[in-house]
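Trainee: See model-v3.tsv below, with TSV, C-alpha atoms.
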chain	number	residue	atom	x	y	z
D	157	MET	CA	113.46	244.83	153.60
D	158	ASN	CA	112.51	241.94	151.34
D	159	ASP	CA	113.85	241.67	147.84
D	160	TRP	CA	111.11	241.31	145.28
D	161	SER	CA	111.14	239.53	141.95
D	162	ILE	CA	109.16	239.38	138.76
D	163	TYR	CA	108.66	235.91	137.32
D	164	ILE	CA	107.20	234.32	134.23
D	165	VAL	CA	105.97	230.74	134.27
D	166	ARG	CA	104.91	228.51	131.42
D	167	CYS	CA	101.71	226.66	132.24
D	168	ALA	CA	100.98	223.06	131.24
D	169	ASP	CA	98.80	224.31	128.36
D	170	GLY	CA	101.69	226.42	127.01
D	171	THR	CA	100.33	229.78	128.13
D	172	LEU	CA	102.44	232.24	130.09
D	173	TYR	CA	101.72	233.85	133.46
D	174	THR	CA	103.60	236.81	134.93
D	175	GLY	CA	103.65	237.67	138.61
D	176	ALA	CA	105.57	239.46	141.37
D	177	THR	CA	106.62	238.01	144.72
D	178	ASN	CA	109.17	238.27	147.49
D	179	ASP	CA	109.79	234.48	147.42
D	180	VAL	CA	109.78	232.90	143.96
D	181	VAL	CA	110.36	229.32	145.16
D	182	ARG	CA	107.40	229.51	147.55
D	183	ARG	CA	105.19	231.14	144.93
D	184	ILE	CA	105.92	228.53	142.26
D	185	ALA	CA	105.14	225.79	144.81
D	186	GLN	CA	101.83	227.55	145.58
D	187	HIS	CA	100.95	227.68	141.87
D	188	ASN	CA	101.71	223.97	141.52
D	189	ARG	CA	99.56	223.07	144.55
D	190	GLY	CA	96.64	225.00	143.07
D	191	GLU	CA	96.92	227.73	145.70
D	192	GLY	CA	98.33	230.38	143.39
D	193	ALA	CA	96.55	232.69	141.04
D	194	ARG	CA	93.16	231.60	139.70
D	195	TYR	CA	94.63	231.60	136.19
D	196	THR	CA	97.19	228.91	137.00
D	197	ARG	CA	94.94	226.64	139.07
D	198	SER	CA	93.59	224.76	136.07
D	199	ARG	CA	96.85	224.99	134.10
D	200	ARG	CA	99.20	223.05	136.37
D	201	PRO	CA	102.00	222.28	136.56
D	202	VAL	CA	103.81	225.54	135.92
D	203	THR	CA	107.50	225.89	135.12
D	204	LEU	CA	109.60	228.95	135.90
D	205	ILE	CA	111.11	230.38	132.71
D	206	TYR	CA	112.16	233.88	133.83
D	207	GLU	CA	113.02	235.74	137.02
D	208	GLU	CA	114.10	239.35	137.48
D	209	ALA	CA	115.14	240.92	140.79
D	210	CYS	CA	113.66	244.24	141.90
D	211	ARG	CA	114.57	246.50	144.84
D	212	ASN	CA	111.11	246.72	146.39
D	213	ARG	CA	107.45	245.90	145.93
D	214	SER	CA	106.66	249.13	144.13
D	215	GLU	CA	109.39	248.57	141.55
D	216	ALA	CA	108.31	244.95	141.15
D	217	GLN	CA	104.68	245.86	140.52
D	218	ALA	CA	105.66	248.52	137.98
D	219	ARG	CA	107.91	246.07	136.14
D	220	GLU	CA	105.24	243.35	136.30
D	221	TYR	CA	102.84	245.74	134.55
D	222	GLU	CA	105.45	246.50	131.86
D	223	ILE	CA	106.07	242.82	131.20
D	224	LYS	CA	102.35	242.03	131.07
D	225	GLN	CA	102.04	244.56	128.22
D	226	LEU	CA	104.58	242.64	126.11
D	227	SER	CA	103.58	240.18	123.41
D	228	ARG	CA	104.03	236.48	123.99
D	229	ALA	CA	107.02	236.50	121.62
D	230	ALA	CA	108.64	239.35	123.55
D	231	LYS	CA	108.11	237.53	126.86
D	232	LEU	CA	109.70	234.39	125.44
D	233	ALA	CA	112.60	236.43	124.06
D	234	LEU	CA	113.05	238.06	127.48
D	235	SER	CA	113.33	234.60	128.99
D	236	GLY	CA	115.77	233.44	126.31
D	237	ILE	CA	113.30	231.02	124.74
D	238	ARG	CA	112.54	231.22	121.02
Would you encode the structure as structure tokens?
Mentor:
Amino acid sequence: MNDWSIYIVRCADGTLYTGATNDVVRRIAQHNRGEGARYTRSRRPVTLIYEEACRNRSEAQAREYEIKQLSRAAKLALSGIR
């Protein structure tokens, strides 16, 4: 079984993007090649600012939803950035 992760990246324009994947390194590379989410394609490069391990895809997707409901300030606080 693959381990899943939630991640938050900061885009070149300063906005934040949250996603879930079973390979964070591969996913960040995809975002930076313009092959990731539509949102990040025009906001490259992206920089990983937060990663959280989950047991499975279902848990990862539930946690991704929770994080997406947070304010920008709360997401930055979660990542340790003020």
Trainee: Give the answer as one residue: which of D:Asn178, D:Lys231, D:Ile164, D:Gly170 has the shortest atom-to-atom distance to Ala216 (chain D), using all atoms listed in the file?
Mentor: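 Comparing D:Asn178, D:Lys231, D:Ile164, D:Gly170 against Ala216 (chain D), the winner is D:Asn178.
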Trainee: Would you mind listing what lies within 10 Å of Ser235 (chain D) as a PDB file with C-alpha atoms, keeping the file's coordinate frame, with only C-alpha atoms counted and same-chain residues fewer than 4 positions away left out?
Mentor:
ATOM      1  CA  TYR D 163     108.660 235.910 137.320  1.00  0.00           C
ATOM      2  CA  ILE D 164     107.200 234.320 134.230  1.00  0.00           C
ATOM      3  CA  VAL D 165     105.970 230.740 134.270  1.00  0.00           C
ATOM      4  CA  LEU D 204     109.600 228.950 135.900  1.00  0.00           C
ATOM      5  CA  ILE D 205     111.110 230.380 132.710  1.00  0.00           C
ATOM      6  CA  TYR D 206     112.160 233.880 133.830  1.00  0.00           C
ATOM      7  CA  GLU D 207     113.020 235.740 137.020  1.00  0.00           C
ATOM      8  CA  GLU D 208     114.100 239.350 137.480  1.00  0.00           C
ATOM      9  CA  ALA D 229     107.020 236.500 121.620  1.00  0.00           C
ATOM     10  CA  ALA D 230     108.640 239.350 123.550  1.00  0.00           C
ATOM     11  CA  LYS D 231     108.110 237.530 126.860  1.00  0.00           C
TER      12      LYS D 231
END
Trainee: Just want the 7 Å neighbourhood of Glu220 (chain D), counted on only C-alpha atoms, with same-chain residues fewer than 5 positions away dropped. Output as an mmCIF file with C-alpha atoms, keeping the file's coordinate frame.
Mentor:
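Writing the result to part-v8.cif gives the following:
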data_model
loop_
_atom_site.group_PDB
_atom_site.id
_atom_site.type_symbol
_atom_site.label_atom_id
_atom_site.label_comp_id
_atom_site.auth_asym_id
_atom_site.auth_seq_id
_atom_site.Cartn_x
_atom_site.Cartn_y
_atom_site.Cartn_z
ATOM 1 C CA ILE D 162 109.160 239.380 138.760
ATOM 2 C CA THR D 174 103.600 236.810 134.930
ATOM 3 C CA GLY D 175 103.650 237.670 138.610
ATOM 4 C CA ALA D 176 105.570 239.460 141.370
#
Trainee: Which polymer residues have any atom within 9 Å of an atom of Thr203 (chain D), counting all atoms listed in the file, with same-chain residues fewer than 6 positions away left out, as a list in words?
Mentor: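 So the residues in contact are Ile164, Val165, Arg166, Cys167, Ala168, Ile184 and Asn188 of chain D.
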Trainee: Need the axis-aligned box for region 200-211 of chain D with 6 Å each side, so what are the centre and edges in Å to one decimal, as JSON?
Mentor:
{"center_x": 107.2, "center_y": 234.4, "center_z": 138.8, "size_x": 27.9, "size_y": 36.2, "size_z": 24.1}
Trainee: Please indicate the distance in Å from CA of Thr177 (chain D) to CA of Tyr221 (chain D), rounded to one decimal place.
Mentor: 13.3 Å
Trainee: Taking all atoms listed in the file into account, name the residue in D:Gln186, D:Ser161, D:Thr171, D:Ser227 that is nearest to Glu215 (chain D).
Mentor: D:Ser161
Trainee: In Å, with one decimal, what is the gap from CA of Arg213 (chain D) to CA of Trp160 (chain D)?
Mentor: 5.9 Å
Trainee: Record the distance separating CA of Leu226 (chain D) and CA of Ala193 (chain D), expressed in Å with one decimal.
Mentor: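 These two atoms are separated by 19.7 Å.
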Trainee: Hey, which of D:Arg194, D:Lys224, D:Arg219, D:Arg199 ends up closest to Asp169 (chain D)? Count all atoms listed in the file.
Mentor: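 Among the listed residues, D:Arg199 lies closest to Asp169 (chain D).
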Trainee: List as a PyMOL selection string the protein and nucleic acid residues near Tyr195 (chain D), meaning an atom at most 10 Å away when all atoms listed in the file are counted, but skip any in the same chain fewer than 5 places from it.
Mentor: chain D and resi 167+172-173+187+190+200
Trainee: Could you rebuild region 193-223 of chain D with N, CA and C atoms and give it back as an mmCIF file, in the coordinates of the input?
Mentor:
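Now in out_37.cif:
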data_model
loop_
_atom_site.group_PDB
_atom_site.id
_atom_site.type_symbol
_atom_site.label_atom_id
_atom_site.label_comp_id
_atom_site.auth_asym_id
_atom_site.auth_seq_id
_atom_site.Cartn_x
_atom_site.Cartn_y
_atom_site.Cartn_z
ATOM 1 N N ALA D 193 97.532 231.876 141.741
ATOM 2 C CA ALA D 193 96.550 232.690 141.040
ATOM 3 C C ALA D 193 95.466 231.811 140.407
ATOM 4 N N ARG D 194 94.284 232.335 140.304
ATOM 5 C CA ARG D 194 93.160 231.600 139.700
ATOM 6 C C ARG D 194 93.522 231.124 138.300
ATOM 7 N N TYR D 195 94.259 231.952 137.564
ATOM 8 C CA TYR D 195 94.630 231.600 136.190
ATOM 9 C C TYR D 195 95.407 230.299 136.124
ATOM 10 N N THR D 196 96.323 230.084 137.063
ATOM 11 C CA THR D 196 97.190 228.910 137.000
ATOM 12 C C THR D 196 96.587 227.663 137.624
ATOM 13 N N ARG D 197 95.518 227.793 138.361
ATOM 14 C CA ARG D 197 94.940 226.640 139.070
ATOM 15 C C ARG D 197 94.571 225.489 138.139
ATOM 16 N N SER D 198 94.012 225.813 137.002
ATOM 17 C CA SER D 198 93.590 224.760 136.070
ATOM 18 C C SER D 198 94.629 224.506 134.984
ATOM 19 N N ARG D 199 95.804 225.112 135.126
ATOM 20 C CA ARG D 199 96.850 224.990 134.100
ATOM 21 C C ARG D 199 98.150 224.440 134.678
ATOM 22 N N ARG D 200 98.025 223.616 135.702
ATOM 23 C CA ARG D 200 99.200 223.050 136.370
ATOM 24 C C ARG D 200 99.717 221.838 135.613
ATOM 25 N N PRO D 201 101.019 221.551 135.768
ATOM 26 C CA PRO D 201 102.000 222.280 136.560
ATOM 27 C C PRO D 201 102.548 223.483 135.791
ATOM 28 N N VAL D 202 103.147 224.392 136.523
ATOM 29 C CA VAL D 202 103.810 225.540 135.920
ATOM 30 C C VAL D 202 105.314 225.367 136.064
ATOM 31 N N THR D 203 106.049 225.957 135.119
ATOM 32 C CA THR D 203 107.500 225.890 135.120
ATOM 33 C C THR D 203 108.067 227.297 135.027
ATOM 34 N N LEU D 204 108.965 227.625 135.903
ATOM 35 C CA LEU D 204 109.600 228.950 135.900
ATOM 36 C C LEU D 204 110.484 229.084 134.666
ATOM 37 N N ILE D 205 110.263 230.149 133.885
ATOM 38 C CA ILE D 205 111.110 230.380 132.710
ATOM 39 C C ILE D 205 111.857 231.703 132.784
ATOM 40 N N TYR D 206 111.482 232.589 133.727
ATOM 41 C CA TYR D 206 112.160 233.880 133.830
ATOM 42 C C TYR D 206 111.994 234.442 135.225
ATOM 43 N N GLU D 207 113.059 235.061 135.718
ATOM 44 C CA GLU D 207 113.020 235.740 137.020
ATOM 45 C C GLU D 207 113.887 236.988 136.927
ATOM 46 N N GLU D 208 113.393 238.078 137.490
ATOM 47 C CA GLU D 208 114.100 239.350 137.480
ATOM 48 C C GLU D 208 113.990 239.993 138.858
ATOM 49 N N ALA D 209 115.122 240.319 139.447
ATOM 50 C CA ALA D 209 115.140 240.920 140.790
ATOM 51 C C ALA D 209 114.754 242.400 140.725
ATOM 52 N N CYS D 210 114.040 242.839 141.749
ATOM 53 C CA CYS D 210 113.660 244.240 141.900
ATOM 54 C C CYS D 210 114.017 244.682 143.318
ATOM 55 N N ARG D 211 114.153 245.983 143.529
ATOM 56 C CA ARG D 211 114.570 246.500 144.840
ATOM 57 C C ARG D 211 113.462 246.455 145.878
ATOM 58 N N ASN D 212 112.216 246.651 145.433
ATOM 59 C CA ASN D 212 111.110 246.720 146.390
ATOM 60 C C ASN D 212 109.806 246.367 145.686
ATOM 61 N N ARG D 213 108.750 246.301 146.473
ATOM 62 C CA ARG D 213 107.450 245.900 145.930
ATOM 63 C C ARG D 213 106.946 246.858 144.864
ATOM 64 N N SER D 214 107.124 248.144 145.086
ATOM 65 C CA SER D 214 106.660 249.130 144.130
ATOM 66 C C SER D 214 107.334 248.966 142.774
ATOM 67 N N GLU D 215 108.650 248.786 142.791
ATOM 68 C CA GLU D 215 109.390 248.570 141.550
ATOM 69 C C GLU D 215 108.948 247.270 140.882
ATOM 70 N N ALA D 216 108.730 246.246 141.683
ATOM 71 C CA ALA D 216 108.310 244.950 141.150
ATOM 72 C C ALA D 216 106.941 245.053 140.480
ATOM 73 N N GLN D 217 106.023 245.741 141.101
ATOM 74 C CA GLN D 217 104.680 245.860 140.520
ATOM 75 C C GLN D 217 104.702 246.687 139.239
ATOM 76 N N ALA D 218 105.539 247.714 139.194
ATOM 77 C CA ALA D 218 105.660 248.520 137.980
ATOM 78 C C ALA D 218 106.249 247.690 136.846
ATOM 79 N N ARG D 219 107.276 246.917 137.152
ATOM 80 C CA ARG D 219 107.910 246.070 136.140
ATOM 81 C C ARG D 219 106.973 244.946 135.696
ATOM 82 N N GLU D 220 106.225 244.384 136.637
ATOM 83 C CA GLU D 220 105.240 243.350 136.300
ATOM 84 C C GLU D 220 104.251 243.905 135.269
ATOM 85 N N TYR D 221 103.772 245.118 135.482
ATOM 86 C CA TYR D 221 102.840 245.740 134.550
ATOM 87 C C TYR D 221 103.482 245.885 133.168
ATOM 88 N N GLU D 222 104.746 246.346 133.141
ATOM 89 C CA GLU D 222 105.450 246.500 131.860
ATOM 90 C C GLU D 222 105.548 245.173 131.122
ATOM 91 N N ILE D 223 105.915 244.128 131.835
ATOM 92 C CA ILE D 223 106.070 242.820 131.200
ATOM 93 C C ILE D 223 104.730 242.287 130.719
#
